[in-house]
Amino acid sequence: MESADRSNNPPRKEVIIIGAGPAGAAAAAWLARAGHAVRVLERSHFPRFSIGESLLPRCMQHLEACGLMEAAAAGGYQRKTGAAFTRRGEHRVIDFRDKFSDGPGTTWQVERADFDQRLIEGARAAGADVEFGVTVTGFTPARPTQSDPAGHAQAQGPRLTLADGRELQAAFVLDASGYGRVLARLESLERDPRLEPRMALFGHVHDGIADLAPPAEGYRRDTILIASHPGHPDVWYWLIPFANGRASLGVVGPRELIEPAAEDDAQTRLWQWVMEEPRLAELLRDATPANAVQSLGGYSADVSRLHGPGYALLGNAGEFLDPVFSSGVTIALESALRAAPLVARELTATRDEQRPDWASEYELPLRRGIEVFREFVTAWYDSRLTDIIYHPRSPDRIRQMISSVLAGYAWDEANPFVSASRRRLTALATLSAAQATQAETCEPAASALSTAGTRQNDARKGKVSS
């Protein structure tokens, strides 16, 4: 990963970034620190609510690389060391500090309204111009690059049309608009995400867990809690504790199960689901709502390509999988830190051969990591990954490899669960299921042998006593 470095004679061609979330802020900060003129256009006004509150340790490297670590650390966020899982009375914890890949093993759980505000203000402090309340309504890609007789690259940059009537010329455009997916819509890039449509209900609560009497046994605020519904294997919950006694709470499942009967029924519907999971019902028995419950359906998204003439798509603006492993912000930052140095090369190129190959240098490597997350998401819903996670005797090395992926190191090709995710997950799940079946078969047999042995001993004792 390249780090930003301000040059003595920086070029001043303007990069326009759509969206001021983590991807937009990171790209803006990197490019501004490298001396480029950057303008960020954000539709909403900050601070604003957003989910995606449980970061992964890989994010810490990205925040360092773009120069936003200090701004983020000032938030005093809840430390996160791993992920806890619960299912029908079984409990497992995956500790991100015990992993296969090099890199940080801890991160934060954040309220995104505060976190995103700090990041974009950090980008602004680095030199980026930021405009809030601006909506992009039109886009014209860059004209194909041509060379003049001297071999110098000549191109007409992309243009943006705004809702207020302005037209802006850019040297390059990065779309970091998240769920808005501005360029995906305007350029007709959207395609089938290849994941089942699901729905989430979510909100913040004053969790009251610290004041429970007796105290919650085994509960840790430094982990996200992922709970599986006892009767619906395709329904799961998240509980993300913050540092201030609040927590993010959500339930995810098929739309036909999750969708409330009416919009104002979302609060009731969420708590009905929560009360059906024993561990959550116990932990949140004194919890009270901190904001209105919201819903989000059909959130998975994909695009036919992540780049085009004079533009590239970052994070959720291109592809979003599922919230189960908190990969959203990690992919957003990964894409920003892969794209920003390529944009810098694009702006300073004087010949065609100096321009980056966005397919081989950006899209292909970025999608490789996203596909790893996709395999883990798919394996979660078809139970392969749950069989692995809840296996009682998982070898340490295997557990460390799984931990690395869940910690965000989905681009570490040295990890077999990255380089061959589907094959490795399927093979391990098959082995785990076979061992579980064997254990269930052996247990009654062992019990019968034990009973028979007891009867023989009793018979021997009877003969001796007689």
# chains A, B, ... in the order shown; residues from 1 in each chain; ligands from 1
call {"tool": "residues_around", "arguments": {"residues": "Gly315 of chain A", "least_positions_apart": "2", "cutoff": "10 Å", "atoms": "only C-alpha atoms", "output": "mmCIF file with N, CA and C atoms, in the first residue's frame"}}
result
data_model
loop_
_atom_site.group_PDB
_atom_site.id
_atom_site.type_symbol
_atom_site.label_atom_id
_atom_site.label_comp_id
_atom_site.auth_asym_id
_atom_site.auth_seq_id
_atom_site.Cartn_x
_atom_site.Cartn_y
_atom_site.Cartn_z
ATOM 1 N N GLY A 21 -18.278 9.559 2.938
ATOM 2 C CA GLY A 21 -18.121 8.474 3.897
ATOM 3 C C GLY A 21 -16.674 8.038 3.979
ATOM 4 N N PRO A 22 -16.397 6.892 4.626
ATOM 5 C CA PRO A 22 -15.008 6.460 4.813
ATOM 6 C C PRO A 22 -14.205 6.342 3.523
ATOM 7 N N ALA A 23 -14.787 5.783 2.454
ATOM 8 C CA ALA A 23 -14.045 5.649 1.202
ATOM 9 C C ALA A 23 -13.700 7.019 0.629
ATOM 10 N N GLY A 24 -14.686 7.916 0.585
ATOM 11 C CA GLY A 24 -14.442 9.249 0.051
ATOM 12 C C GLY A 24 -13.454 10.033 0.876
ATOM 13 N N ASP A 175 -16.342 7.638 -7.365
ATOM 14 C CA ASP A 175 -17.689 7.525 -6.789
ATOM 15 C C ASP A 175 -17.604 6.755 -5.482
ATOM 16 N N ALA A 176 -17.779 7.467 -4.382
ATOM 17 C CA ALA A 176 -17.804 6.863 -3.047
ATOM 18 C C ALA A 176 -19.158 7.117 -2.403
ATOM 19 N N SER A 177 -20.219 7.064 -3.212
ATOM 20 C CA SER A 177 -21.552 7.455 -2.756
ATOM 21 C C SER A 177 -22.277 6.367 -1.979
ATOM 22 N N GLY A 178 -21.628 5.227 -1.720
ATOM 23 C CA GLY A 178 -22.232 4.192 -0.894
ATOM 24 C C GLY A 178 -23.513 3.664 -1.488
ATOM 25 N N TYR A 179 -24.557 3.544 -0.617
ATOM 26 C CA TYR A 179 -25.828 2.996 -1.072
ATOM 27 C C TYR A 179 -26.491 3.864 -2.139
ATOM 28 N N ARG A 181 -25.018 4.879 -4.851
ATOM 29 C CA ARG A 181 -24.546 4.253 -6.092
ATOM 30 C C ARG A 181 -24.809 5.143 -7.313
ATOM 31 N N LEU A 306 -15.894 -1.764 -12.296
ATOM 32 C CA LEU A 306 -15.593 -0.805 -11.229
ATOM 33 C C LEU A 306 -14.849 0.424 -11.736
ATOM 34 N N LEU A 313 -15.181 3.363 -9.173
ATOM 35 C CA LEU A 313 -16.161 3.192 -8.097
ATOM 36 C C LEU A 313 -15.456 2.628 -6.868
ATOM 37 N N ALA A 317 -20.397 1.824 -3.366
ATOM 38 C CA ALA A 317 -20.881 2.393 -4.628
ATOM 39 C C ALA A 317 -20.731 1.400 -5.761
ATOM 40 N N GLY A 318 -19.832 0.417 -5.568
ATOM 41 C CA GLY A 318 -19.666 -0.612 -6.574
ATOM 42 C C GLY A 318 -20.298 -1.915 -6.161
ATOM 43 N N GLU A 319 -19.854 -2.452 -5.035
ATOM 44 C CA GLU A 319 -20.323 -3.771 -4.623
ATOM 45 C C GLU A 319 -20.513 -3.802 -3.118
ATOM 46 N N PHE A 320 -21.654 -4.327 -2.683
ATOM 47 C CA PHE A 320 -21.895 -4.560 -1.261
ATOM 48 C C PHE A 320 -22.452 -5.961 -1.098
ATOM 49 N N SER A 327 -17.735 -6.341 6.631
ATOM 50 C CA SER A 327 -16.701 -6.103 5.629
ATOM 51 C C SER A 327 -16.841 -4.769 4.909
ATOM 52 N N GLY A 328 -17.958 -4.067 5.092
ATOM 53 C CA GLY A 328 -18.247 -2.878 4.290
ATOM 54 C C GLY A 328 -17.210 -1.786 4.379
ATOM 55 N N VAL A 329 -16.858 -1.345 5.593
ATOM 56 C CA VAL A 329 -15.889 -0.258 5.737
ATOM 57 C C VAL A 329 -14.502 -0.722 5.306
ATOM 58 N N THR A 330 -14.175 -1.991 5.567
ATOM 59 C CA THR A 330 -12.875 -2.518 5.139
ATOM 60 C C THR A 330 -12.742 -2.462 3.624
ATOM 61 N N ILE A 331 -13.766 -2.913 2.904
ATOM 62 C CA ILE A 331 -13.720 -2.863 1.442
ATOM 63 C C ILE A 331 -13.700 -1.417 0.963
ATOM 64 N N ALA A 332 -14.428 -0.543 1.632
ATOM 65 C CA ALA A 332 -14.433 0.872 1.256
ATOM 66 C C ALA A 332 -13.037 1.469 1.354
ATOM 67 N N LEU A 333 -12.372 1.240 2.479
ATOM 68 C CA LEU A 333 -11.035 1.791 2.662
ATOM 69 C C LEU A 333 -10.019 1.112 1.750
ATOM 70 N N GLU A 334 -10.149 -0.197 1.582
ATOM 71 C CA GLU A 334 -9.250 -0.928 0.669
ATOM 72 C C GLU A 334 -9.337 -0.351 -0.738
ATOM 73 N N SER A 335 -10.548 -0.131 -1.210
ATOM 74 C CA SER A 335 -10.722 0.409 -2.563
ATOM 75 C C SER A 335 -10.149 1.818 -2.670
ATOM 76 N N ALA A 336 -10.354 2.637 -1.646
ATOM 77 C CA ALA A 336 -9.851 4.015 -1.670
ATOM 78 C C ALA A 336 -8.337 4.053 -1.737
ATOM 79 N N LEU A 366 -8.838 -5.926 -6.359
ATOM 80 C CA LEU A 366 -9.855 -5.569 -5.374
ATOM 81 C C LEU A 366 -10.945 -6.640 -5.328
#
call {"tool": "select_by_dssp", "arguments": {"residues": "segment 128-297 of chain A", "states": "helix (DSSP H, G or I)", "output": "PyMOL selection string"}}
result
chain A and resi 178-180+182-186+209-211+255-258+263-275+278-283
call {"tool": "write_last_selection", "arguments": {"atoms": "C-alpha atoms", "output": "short mmCIF file (atom, residue, chain, number, x, y, z; two decimals), in the first residue's frame"}}
result
data_model
loop_
_atom_site.label_atom_id
_atom_site.label_comp_id
_atom_site.auth_asym_id
_atom_site.auth_seq_id
_atom_site.Cartn_x
_atom_site.Cartn_y
_atom_site.Cartn_z
CA GLY A 178 -22.23 4.19 -0.89
CA TYR A 179 -25.83 3.00 -1.07
CA GLY A 180 -26.58 5.98 -3.34
CA VAL A 182 -24.58 7.37 -8.23
CA LEU A 183 -22.45 6.30 -11.18
CA ALA A 184 -23.74 2.73 -11.12
CA ARG A 185 -27.20 4.16 -11.82
CA LEU A 186 -26.20 6.91 -14.22
CA ILE A 209 -25.80 -4.57 30.28
CA ALA A 210 -23.24 -3.11 32.70
CA ASP A 211 -25.96 -2.72 35.35
CA ARG A 255 -37.69 -10.19 3.65
CA GLU A 256 -40.85 -12.26 4.04
CA LEU A 257 -39.87 -13.03 7.64
CA ILE A 258 -38.34 -9.73 8.71
CA GLU A 263 -43.38 1.21 8.90
CA ASP A 264 -44.34 2.31 12.42
CA ASP A 265 -44.25 -1.33 13.52
CA ALA A 266 -40.49 -1.70 12.97
CA GLN A 267 -39.66 -1.14 16.65
CA THR A 268 -42.10 -3.81 17.81
CA ARG A 269 -40.99 -6.22 15.12
CA LEU A 270 -37.30 -5.90 16.02
CA TRP A 271 -37.92 -6.57 19.69
CA GLN A 272 -40.14 -9.53 18.90
CA TRP A 273 -37.22 -11.10 17.08
CA VAL A 274 -34.77 -10.20 19.86
CA MET A 275 -36.90 -11.88 22.51
CA PRO A 278 -32.30 -16.48 24.58
CA ARG A 279 -28.85 -14.90 24.90
CA LEU A 280 -29.96 -11.54 23.52
CA ALA A 281 -33.17 -11.61 25.53
CA GLU A 282 -31.07 -12.12 28.67
CA LEU A 283 -28.50 -9.43 27.85
#
call {"tool": "closest_residue", "arguments": {"among": "A:Phe46, A:Phe139, A:Trp108, A:Phe100", "to": "Ser404 of chain A", "atoms": "only C-alpha atoms"}}
result
A:Phe100
call {"tool": "decode", "arguments": {"residues": "segment 41-65 of chain A", "atoms": "C-alpha atoms", "output": "short mmCIF file (atom, residue, chain, number, x, y, z; two decimals), in the first residue's frame"}}
result
data_model
loop_
_atom_site.label_atom_id
_atom_site.label_comp_id
_atom_site.auth_asym_id
_atom_site.auth_seq_id
_atom_site.Cartn_x
_atom_site.Cartn_y
_atom_site.Cartn_z
CA LEU A 41 -19.51 16.38 -2.94
CA GLU A 42 -21.82 14.89 -0.29
CA ARG A 43 -25.60 14.70 -0.68
CA SER A 44 -26.44 14.67 3.04
CA HIS A 45 -25.41 16.92 5.90
CA PHE A 46 -23.06 15.53 8.53
CA PRO A 47 -23.23 14.16 11.14
CA ARG A 48 -25.69 11.55 9.88
CA PHE A 49 -26.66 8.04 11.02
CA SER A 50 -25.26 5.01 9.23
CA ILE A 51 -24.79 1.33 9.97
CA GLY A 52 -21.50 -0.47 9.40
CA GLU A 53 -20.31 0.30 12.92
CA SER A 54 -18.03 -2.66 13.65
CA LEU A 55 -14.68 -2.18 11.95
CA LEU A 56 -12.12 -4.86 11.13
CA PRO A 57 -8.43 -4.66 12.13
CA ARG A 58 -7.34 -4.30 8.50
CA CYS A 59 -8.95 -0.84 8.58
CA MET A 60 -6.26 0.42 10.95
CA GLN A 61 -3.58 0.04 8.27
CA HIS A 62 -5.71 2.02 5.84
CA LEU A 63 -6.32 4.84 8.32
CA GLU A 64 -2.56 5.09 8.89
CA ALA A 65 -1.82 5.08 5.16
#
